[in-house]
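Colleague: I am sharing upload.tsv, which consists of TSV, C-alpha atoms and all ligand atoms:
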chain	number	residue	atom	x	y	z
L	29	MET	CA	-10.63	6.70	-19.67
L	30	THR	CA	-11.72	9.94	-18.03
L	31	VAL	CA	-9.17	11.12	-15.51
L	32	ILE	CA	-10.18	12.23	-12.04
L	33	SER	CA	-9.10	15.48	-10.51
L	34	LEU	CA	-7.72	14.57	-7.09
L	35	PRO	CA	-6.57	16.92	-4.32
L	36	ILE	CA	-2.87	17.78	-4.38
L	37	ILE	CA	-1.56	18.14	-0.85
L	38	ASP	CA	1.63	20.20	-0.72
L	39	LEU	CA	3.65	19.53	2.43
L	40	HIS	CA	6.34	22.11	1.73
L	41	THR	CA	5.15	24.61	4.30
L	42	TYR	CA	3.79	21.98	6.67
L	43	LEU	CA	7.15	20.28	7.04
L	44	GLY	CA	9.02	23.59	7.37
L	45	ALA	CA	10.26	24.86	10.72
L	46	LYS	CA	8.49	28.21	10.59
L	47	THR	CA	4.95	27.11	9.91
L	48	SER	CA	2.23	29.02	11.71
L	49	LEU	CA	-0.52	27.12	13.50
L	50	LYS	CA	-2.99	28.56	11.01
L	51	GLN	CA	-1.03	27.21	8.04
L	52	LYS	CA	-0.67	23.83	9.71
L	53	GLY	CA	-4.39	23.70	10.40
L	54	GLU	CA	-5.18	24.44	6.74
L	55	THR	CA	-3.01	21.56	5.52
L	56	GLU	CA	-4.46	19.20	8.12
L	57	ARG	CA	-7.99	20.07	7.08
L	58	ALA	CA	-7.14	19.57	3.40
L	59	ILE	CA	-5.73	16.11	4.13
L	60	ASP	CA	-8.74	15.20	6.22
L	61	GLU	CA	-11.13	16.27	3.49
L	62	ALA	CA	-9.21	14.31	0.87
L	63	CYS	CA	-9.45	11.19	3.07
L	64	ARG	CA	-13.20	11.64	3.54
L	65	HIS	CA	-14.19	12.45	-0.01
L	66	PHE	CA	-11.76	10.55	-2.18
L	67	GLY	CA	-9.57	8.24	-0.08
L	68	THR	CA	-6.87	9.00	-2.64
L	69	PHE	CA	-4.77	12.13	-3.10
L	70	TYR	CA	-1.42	13.35	-4.37
L	71	LEU	CA	1.32	14.31	-1.97
L	72	VAL	CA	3.98	16.74	-3.24
L	73	ASN	CA	6.98	18.34	-1.55
L	74	HIS	CA	6.86	15.41	0.82
L	75	GLY	CA	10.48	15.55	1.92
L	76	VAL	CA	11.60	12.29	0.27
L	77	PRO	CA	14.46	13.22	-2.12
L	78	GLN	CA	13.44	12.93	-5.75
L	79	GLU	CA	16.72	11.26	-6.58
L	80	LEU	CA	15.92	8.49	-4.13
L	81	CYS	CA	12.38	8.07	-5.47
L	82	ASP	CA	13.84	7.74	-8.98
L	83	LYS	CA	16.49	5.28	-7.80
L	84	VAL	CA	13.87	3.07	-6.21
L	85	LEU	CA	11.88	2.98	-9.44
L	86	ALA	CA	15.06	2.25	-11.41
L	87	CYS	CA	15.83	-0.69	-9.08
L	88	GLY	CA	12.36	-2.03	-9.83
L	89	HIS	CA	12.81	-1.71	-13.60
L	90	GLN	CA	16.21	-3.35	-13.44
L	91	PHE	CA	14.86	-6.26	-11.43
L	92	PHE	CA	11.80	-6.89	-13.60
L	93	ARG	CA	13.96	-6.84	-16.75
L	94	LEU	CA	15.84	-9.92	-15.50
L	95	PRO	CA	14.99	-13.29	-17.06
L	96	LEU	CA	12.11	-15.06	-15.34
L	97	GLU	CA	14.34	-17.88	-14.14
L	98	ARG	CA	16.60	-15.33	-12.41
L	99	LYS	CA	13.66	-13.52	-10.77
L	100	CYS	CA	12.23	-16.82	-9.57
L	101	ARG	CA	15.32	-17.30	-7.43
L	102	HIS	CA	13.72	-14.70	-5.16
L	103	LYS	CA	10.61	-16.73	-4.50
L	104	VAL	CA	10.33	-17.52	-0.83
L	105	ALA	CA	7.87	-19.71	1.03
L	106	SER	CA	5.62	-16.86	2.00
L	107	MET	CA	2.53	-15.11	0.66
L	108	MET	CA	3.91	-11.80	1.71
L	109	ARG	CA	7.55	-11.78	0.83
L	110	GLY	CA	9.66	-12.42	-2.17
L	111	TYR	CA	8.94	-12.64	-5.87
L	112	SER	CA	5.62	-13.63	-7.32
L	113	HIS	CA	4.82	-13.95	-10.97
L	114	ALA	CA	1.13	-13.68	-11.57
L	115	SER	CA	1.11	-13.70	-15.37
L	116	ASN	CA	-1.36	-16.19	-16.75
L	117	ALA	CA	-2.86	-16.53	-13.31
L	118	PHE	CA	-6.54	-15.98	-12.75
L	119	VAL	CA	-7.64	-13.78	-9.89
L	120	LYS	CA	-11.35	-13.30	-9.26
L	121	GLY	CA	-12.13	-14.55	-12.75
L	122	HIS	CA	-9.70	-12.19	-14.49
L	123	GLU	CA	-6.52	-13.11	-16.25
L	124	VAL	CA	-4.00	-10.89	-14.54
L	125	ARG	CA	-0.65	-9.72	-15.71
L	126	PHE	CA	1.58	-8.52	-12.97
L	127	GLU	CA	4.58	-9.52	-10.94
L	128	TYR	CA	5.92	-8.24	-7.66
L	129	ILE	CA	8.70	-8.56	-5.16
L	130	ALA	CA	7.84	-7.75	-1.55
L	131	PHE	CA	9.86	-7.03	1.55
L	132	ARG	CA	8.76	-6.90	5.16
L	133	PRO	CA	10.51	-6.44	8.47
L	134	PRO	CA	11.56	-9.70	10.11
L	135	VAL	CA	8.78	-11.42	12.02
L	136	ASN	CA	10.38	-10.55	15.33
L	137	CYS	CA	10.38	-6.88	14.41
L	138	TYR	CA	6.64	-6.82	14.78
L	139	SER	CA	5.62	-5.95	18.29
L	140	ASN	CA	3.08	-8.58	17.36
L	141	GLY	CA	5.46	-11.05	15.74
L	142	MET	CA	4.74	-13.48	18.50
L	143	ALA	CA	1.54	-14.28	20.30
L	144	PRO	CA	1.76	-12.92	23.84
L	145	ASP	CA	2.89	-15.36	26.54
L	146	MET	CA	3.84	-18.05	24.05
L	147	ASP	CA	7.06	-19.96	23.86
L	148	SER	CA	8.57	-18.17	20.91
L	149	THR	CA	10.26	-21.32	19.60
L	150	ARG	CA	6.92	-22.96	18.91
L	151	PRO	CA	5.69	-22.46	15.35
L	152	GLU	CA	2.15	-21.62	16.41
L	153	ALA	CA	3.47	-18.72	18.49
L	154	ARG	CA	3.83	-16.72	15.33
L	155	LEU	CA	1.00	-14.47	14.34
L	156	PRO	CA	-0.95	-14.82	12.20
L	157	THR	CA	-1.33	-18.56	12.19
L	158	TYR	CA	-1.92	-18.86	8.47
L	159	PRO	CA	0.84	-21.09	7.06
L	160	ASP	CA	3.80	-19.20	5.75
L	161	ALA	CA	1.98	-15.91	5.78
L	162	LEU	CA	5.00	-13.93	6.79
L	163	GLY	CA	7.93	-16.17	6.08
L	164	GLU	CA	11.20	-15.45	7.78
L	165	GLN	CA	13.50	-13.94	5.21
L	166	ASN	CA	13.42	-11.23	2.61
L	167	SER	CA	15.22	-12.12	-0.59
L	168	TRP	CA	17.12	-9.08	-1.84
L	169	PRO	CA	18.11	-8.98	-5.53
L	170	ASN	CA	21.48	-7.42	-4.67
L	171	ASP	CA	23.24	-5.22	-2.12
L	172	GLU	CA	22.62	-1.97	-3.94
L	173	PHE	CA	18.92	-2.72	-4.15
L	174	ARG	CA	18.86	-3.32	-0.42
L	175	VAL	CA	20.72	-0.11	0.41
L	176	VAL	CA	18.37	1.96	-1.74
L	177	ALA	CA	15.30	0.23	-0.26
L	178	ASP	CA	16.53	0.81	3.29
L	179	GLN	CA	17.20	4.50	2.65
L	180	TYR	CA	13.79	4.86	1.05
L	181	LEU	CA	12.03	3.17	3.95
L	182	HIS	CA	13.83	5.44	6.37
L	183	TYR	CA	12.36	8.51	4.68
L	184	MET	CA	8.97	6.88	4.21
L	185	GLN	CA	8.79	6.09	7.90
L	186	GLN	CA	9.31	9.77	8.72
L	187	LEU	CA	6.80	10.89	6.13
L	188	ASN	CA	4.21	8.40	7.33
L	189	SER	CA	4.67	9.55	10.88
L	190	ARG	CA	4.15	13.21	9.93
L	191	LEU	CA	1.13	12.46	7.77
L	192	THR	CA	-0.46	10.25	10.42
L	193	ASP	CA	0.09	12.95	12.99
L	194	ALA	CA	-1.57	15.51	10.73
L	195	ILE	CA	-4.55	13.20	10.28
L	196	ALA	CA	-4.79	12.46	14.03
L	197	THR	CA	-4.84	16.21	14.72
L	198	SER	CA	-7.52	16.89	12.15
L	199	LEU	CA	-9.61	14.00	13.51
L	200	GLY	CA	-9.21	15.48	16.99
L	201	VAL	CA	-8.40	12.13	18.63
L	202	GLY	CA	-6.87	11.74	22.09
L	203	ASP	CA	-3.36	10.58	22.91
L	204	LEU	CA	-4.22	6.89	23.13
L	205	SER	CA	-5.77	6.81	19.69
L	206	ARG	CA	-2.94	8.90	18.31
L	207	ALA	CA	-0.44	6.38	19.66
L	208	ARG	CA	-2.45	3.53	18.16
L	209	MET	CA	-2.45	5.25	14.79
L	210	GLN	CA	1.32	5.57	15.00
L	211	ASP	CA	1.86	1.94	15.99
L	212	THR	CA	2.25	0.59	12.48
L	213	VAL	CA	4.58	-1.53	10.36
L	214	LEU	CA	5.84	-0.60	6.89
L	215	SER	CA	6.29	-3.03	4.05
L	216	LEU	CA	7.71	-2.38	0.62
L	217	THR	CA	6.42	-3.89	-2.61
L	218	PHE	CA	7.67	-3.43	-6.15
L	219	ASN	CA	4.97	-4.11	-8.74
L	220	GLY	CA	5.90	-4.73	-12.37
L	221	TYR	CA	3.35	-4.55	-15.19
L	222	GLN	CA	3.80	-5.66	-18.77
L	223	ALA	CA	1.37	-3.83	-21.02
L	224	LEU	CA	-1.76	-5.62	-22.14
L	225	THR	CA	-2.26	-5.96	-25.87
L	226	GLU	CA	-5.18	-4.19	-27.50
L	227	GLU	CA	-6.94	-7.51	-27.84
L	228	GLU	CA	-6.39	-8.51	-24.21
L	229	ALA	CA	-7.62	-5.16	-22.97
L	230	GLU	CA	-10.72	-5.41	-25.16
L	231	LYS	CA	-11.48	-8.82	-23.69
L	232	GLY	CA	-11.46	-7.29	-20.21
L	233	GLY	CA	-7.89	-8.31	-19.37
L	234	ILE	CA	-6.49	-6.59	-16.35
L	235	ASN	CA	-3.09	-6.20	-14.72
L	236	LEU	CA	-4.22	-5.87	-11.11
L	237	PRO	CA	-7.91	-6.46	-10.37
L	238	ALA	CA	-10.12	-4.13	-8.35
L	239	HIS	CA	-9.32	-4.15	-4.64
L	240	THR	CA	-8.97	-1.94	-1.60
L	241	ASP	CA	-5.68	-1.89	0.30
L	242	THR	CA	-6.02	-3.67	3.63
L	243	GLY	CA	-3.84	-1.44	5.79
L	244	CYS	CA	-3.99	2.19	6.88
L	245	ILE	CA	-2.12	4.19	4.27
L	246	THR	CA	-0.39	3.28	1.00
L	247	PHE	CA	2.22	5.50	-0.61
L	248	LEU	CA	2.60	4.79	-4.33
L	249	ASN	CA	5.64	5.92	-6.25
L	250	GLN	CA	4.78	5.33	-9.89
L	251	ASP	CA	6.24	5.72	-13.32
L	252	SER	CA	4.96	8.99	-14.62
L	253	GLU	CA	3.86	8.03	-18.10
L	254	ALA	CA	0.66	6.10	-18.71
L	255	VAL	CA	-2.62	6.57	-16.85
L	256	SER	CA	-2.77	2.95	-15.69
L	257	LEU	CA	-4.07	3.25	-12.14
L	258	HIS	CA	-7.84	3.58	-12.00
L	259	ILE	CA	-9.99	4.38	-9.00
L	260	GLN	CA	-13.71	4.08	-8.52
L	261	ASN	CA	-15.49	7.31	-7.78
L	262	ARG	CA	-18.49	7.59	-5.48
L	263	ASN	CA	-20.83	6.54	-8.28
L	264	GLY	CA	-18.82	3.39	-8.90
L	265	GLU	CA	-17.41	4.73	-12.19
L	266	TRP	CA	-13.79	4.04	-13.11
L	267	ARG	CA	-11.57	7.08	-13.41
L	268	GLY	CA	-7.90	7.28	-14.37
L	269	VAL	CA	-5.32	8.68	-11.97
L	270	ARG	CA	-2.87	10.73	-13.98
L	271	PRO	CA	0.65	10.40	-12.57
L	272	VAL	CA	2.01	13.70	-11.28
L	273	PRO	CA	5.82	13.82	-11.50
L	274	GLY	CA	7.39	13.90	-8.05
L	275	ALA	CA	4.13	13.11	-6.30
L	276	PHE	CA	3.12	10.09	-4.26
L	277	VAL	CA	-0.37	8.79	-4.81
L	278	VAL	CA	-1.68	8.13	-1.31
L	279	ASN	CA	-4.49	5.63	-0.72
L	280	ILE	CA	-6.49	5.17	2.44
L	281	GLY	CA	-6.85	1.48	3.29
L	282	SER	CA	-9.60	-0.56	4.91
L	283	ALA	CA	-8.05	-0.56	8.41
L	284	PHE	CA	-8.13	3.25	8.40
L	285	LYS	CA	-11.75	3.20	7.31
L	286	GLN	CA	-12.49	0.93	10.28
L	287	TRP	CA	-10.60	3.18	12.69
L	288	THR	CA	-12.72	6.15	11.66
L	289	GLY	CA	-16.00	4.24	11.91
L	290	GLY	CA	-16.35	4.37	8.13
L	291	GLN	CA	-15.73	8.12	7.75
L	292	TYR	CA	-12.62	7.73	5.62
L	293	VAL	CA	-12.93	6.12	2.20
L	294	ASP	CA	-10.94	3.00	1.36
L	295	THR	CA	-10.62	3.57	-2.36
L	296	VAL	CA	-11.35	0.73	-4.76
L	297	HIS	CA	-8.62	0.70	-7.38
L	298	ARG	CA	-7.15	-1.44	-10.17
L	299	VAL	CA	-4.37	-1.32	-12.75
L	300	VAL	CA	-4.93	-1.60	-16.51
L	301	HIS	CA	-1.67	-0.87	-18.28
L	302	ARG	CA	-1.80	-0.27	-22.01
L	303	SER	CA	1.40	1.51	-22.94
L	304	ALA	CA	4.34	0.41	-25.06
L	305	LYS	CA	6.63	0.44	-22.01
L	306	PRO	CA	6.48	-1.78	-18.95
L	307	ARG	CA	5.36	0.01	-15.79
L	308	VAL	CA	6.71	-0.10	-12.26
L	309	ALA	CA	4.96	1.13	-9.11
L	310	VAL	CA	6.65	0.96	-5.73
L	311	GLY	CA	4.22	0.81	-2.83
L	312	VAL	CA	4.91	1.42	0.82
L	313	PHE	CA	2.07	-0.24	2.70
L	314	VAL	CA	1.49	0.95	6.24
L	315	GLY	CA	-0.56	-1.37	8.41
L	316	PRO	CA	-1.30	-1.96	12.09
L	317	PRO	CA	0.58	-4.72	13.92
L	318	PHE	CA	-0.79	-8.15	13.16
L	319	ASP	CA	-2.24	-8.61	16.63
L	320	ALA	CA	-3.94	-5.20	16.78
L	321	ILE	CA	-7.71	-5.39	16.85
L	322	VAL	CA	-9.10	-3.54	13.85
L	323	GLU	CA	-12.11	-1.65	15.16
L	324	PRO	CA	-13.25	1.95	15.31
L	325	LEU	CA	-11.15	4.15	17.60
L	326	PRO	CA	-13.14	4.96	20.77
L	327	GLU	CA	-13.81	8.49	19.45
L	328	PHE	CA	-15.65	7.00	16.43
L	329	ALA	CA	-17.20	3.92	17.95
L	330	ALA	CA	-20.68	5.34	17.55
L	331	VAL	CA	-20.29	6.67	14.03
L	332	ASP	CA	-21.07	3.65	11.89
L	333	THR	CA	-22.84	0.87	13.73
L	334	SER	CA	-22.65	-1.47	10.75
L	335	LEU	CA	-18.87	-1.54	11.15
L	336	THR	CA	-18.86	-1.86	14.91
L	337	ARG	CA	-21.32	-4.74	14.79
L	338	SER	CA	-18.91	-7.05	12.95
L	339	PRO	CA	-16.94	-9.24	15.37
L	340	PRO	CA	-13.58	-7.74	16.32
L	341	ARG	CA	-10.71	-9.24	14.36
L	342	THR	CA	-6.99	-8.80	14.52
L	343	TYR	CA	-5.34	-7.10	11.58
L	344	GLY	CA	-3.59	-10.41	10.84
L	345	GLN	CA	-6.97	-12.11	10.42
L	346	PHE	CA	-8.31	-9.22	8.40
L	347	LEU	CA	-5.31	-9.22	6.06
L	348	LEU	CA	-5.20	-12.95	5.60
L	349	GLU	CA	-8.90	-13.15	4.85
L	350	GLN	CA	-8.39	-10.65	2.04
L	351	MET	CA	-5.17	-12.18	0.80
L	352	GLY	CA	-6.45	-15.73	1.16
L	353	GLU	CA	-9.47	-14.88	-0.97
L	354	TYR	CA	-7.19	-13.27	-3.49
L	355	PHE	CA	-4.69	-16.10	-3.71
L	356	ALA	CA	-7.25	-18.92	-3.48
L	357	SER	CA	-8.90	-17.59	-6.58
L	358	GLN	CA	-5.61	-17.64	-8.50
L	359	GLU	CA	-6.16	-21.27	-9.42
L	360	ARG	CA	-8.01	-21.69	-12.58
L	401	LIG	O1	0.43	-0.04	-9.43
L	401	LIG	C1	-0.25	0.77	-8.83
L	401	LIG	O2	-0.28	1.96	-9.15
L	401	LIG	C2	-1.14	0.31	-7.71
L	401	LIG	C3	-0.68	-0.92	-6.98
L	401	LIG	C4	-1.64	-1.38	-5.95
L	401	LIG	O3	-2.76	-0.98	-5.91
L	401	LIG	C5	-1.24	-2.36	-4.92
L	401	LIG	O4	-0.13	-2.92	-5.02
L	401	LIG	O5	-2.01	-2.58	-3.99
L	402	FE	FE	-3.66	-1.38	-4.03
In structure tokens, what does this structure look like?
Ligand SMILES: O=C(O)CCC(=O)C(=O)O
Ligand SMILES: [Fe+2]
Modeller:
Amino acid sequence: MTVISLPIIDLHTYLGAKTSLKQKGETERAIDEACRHFGTFYLVNHGVPQELCDKVLACGHQFFRLPLERKCRHKVASMMRGYSHASNAFVKGHEVRFEYIAFRPPVNCYSNGMAPDMDSTRPEARLPTYPDALGEQNSWPNDEFRVVADQYLHYMQQLNSRLTDAIATSLGVGDLSRARMQDTVLSLTFNGYQALTEEEAEKGGINLPAHTDTGCITFLNQDSEAVSLHIQNRNGEWRGVRPVPGAFVVNIGSAFKQWTGGQYVDTVHRVVHRSAKPRVAVGVFVGPPFDAIVEPLPEFAAVDTSLTRSPPRTYGQFLLEQMGEYFASQER
């Protein structure tokens, strides 16, 4: 697999107190360009302590090493929380091999957790209306895991806010759009991948099939060994993303593409893991509130008419359409 050379955005100076406006502008332009041309880039010197990034990955490894029966105790009645074991499942015609455990803020933490003006005790007041889409409870493997995850999310929230601000500045949007871009919810997912055998890989086996992320921005903290994440370049060719130690791989998601009237690229990516060791990737997925309408920001409403012509949908609808398609096709 040919590897792709992606931009490396270094935030060291940007996050420092003594940064000149000129230096800030250079970093903002570099981020903007990376979002337009690739939709994926590396972020280094991002301010999240390396020790914490390593701890988070270690928590993932520890969890996925548990016996299946033990991991299954963390299944919850929700598409978006808890443990899911997708081995031997079929997604979009592919046999997939991956498992994950996902955590989200409680439903009521969403500014959108409830439909406006609804009696909050009624089940249909919850958005989105897809059954069990959110679920109520996270299922934490243990207290230490939870502490590490909370610390990590705290830093990720700050980082996301700084990065979003940099992007808003480079896009030149007004205050209302800037506030909309900042009104997001973070979720945390640990993905575990057992390597495919030579034979499985030859037969087109895949760990995580091709997809775009639905939200705005994804921060991936990955094991730094195998080149298992692949992205599609502009010609539709698959290219490997070599892990850079200490770096996050940042993906632009479909909601961000919509916001910019199609100017930012929502990268198509997949995972094919073929190493002797299992792989863990921890993703922080940043998305708009579930009741936010996903449409181009007013500044970009005229940019891509093909996007603006589609009927406005809430992010909840948008997400569930994608996830529903994904999960519906899991049945053989
Ligand atoms: O494992 C990775 O590197 C990517 C995971 C991913 O694309 C996802 O969870 O959406
Ligand atoms: Fe993804």
Colleague: Output the neighbourhood of ligand FE 402 (chain L) as a PyMOL selection string, that is, all protein and nucleic acid residues with some atom at most 7 Å from the ligand, counting only C-alpha atoms and all ligand atoms.
Modeller: chain L and resi 239-241+297
Colleague: Using all atoms listed in the file, find each protein or nucleic acid residue lying at most 6 Å from ligand LIG 401 (chain L); present the set as a list in words.
Modeller: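 Checking all atoms listed in the file against ligand LIG 401 (chain L) at 6 Å gives Asp241, Leu257, Val299 and Ala309 of chain L.
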Colleague: Based on the selection just made, write C-alpha atoms of those residues as a short mmCIF file (atom, residue, chain, number, x, y, z; two decimals), in the coordinates of the input.
Modeller:
data_model
loop_
_atom_site.label_atom_id
_atom_site.label_comp_id
_atom_site.auth_asym_id
_atom_site.auth_seq_id
_atom_site.Cartn_x
_atom_site.Cartn_y
_atom_site.Cartn_z
CA ASP L 241 -5.68 -1.89 0.30
CA LEU L 257 -4.07 3.25 -12.14
CA VAL L 299 -4.37 -1.32 -12.75
CA ALA L 309 4.96 1.13 -9.11
#
Colleague: Mind dumping a table of every segment 198-240 of chain L residue within 12 Å of segment 319-324 of chain L, with the nearest atom pair and its distance in Å to one decimal, using all atoms listed in the file, sorted by chain and rising number, as a Markdown table?
Modeller:
| residue | atom | partner | partner_atom | distance |
| --- | --- | --- | --- | --- |
| L:Val201 | CA | L:Pro324 | CA | 11.8 |
| L:Ser205 | CA | L:Pro324 | CA | 9.9 |
| L:Arg208 | CA | L:Ala320 | CA | 9.0 |
| L:Met209 | CA | L:Ala320 | CA | 10.7 |
| L:Asp211 | CA | L:Ala320 | CA | 9.2 |
| L:Thr212 | CA | L:Ala320 | CA | 9.5 |
| L:Val213 | CA | L:Ala320 | CA | 11.3 |
Colleague: Have a look at L:Ala304, L:Val314, L:Ala229, L:Leu347 and name the one nearest to Gln210 of chain L; count only C-alpha atoms.
Modeller: L:Val314
Colleague: Restricting the calculation to all atoms listed in the file: of L:Arg341, L:Arg307, L:Arg125, L:Lys46, which residue gets closest to Gly88 of chain L?
Modeller: L:Arg307
Colleague: Taking all atoms of segment 222-234 of chain L that appear in the file, build a box with edges along x, y and z, extend it by 3 Å on every side, and state its centre and edge lengths in Å to one decimal, as JSON.
Modeller:
{"center_x": -3.8, "center_y": -6.3, "center_z": -22.1, "size_x": 21.3, "size_y": 11.0, "size_z": 17.5}
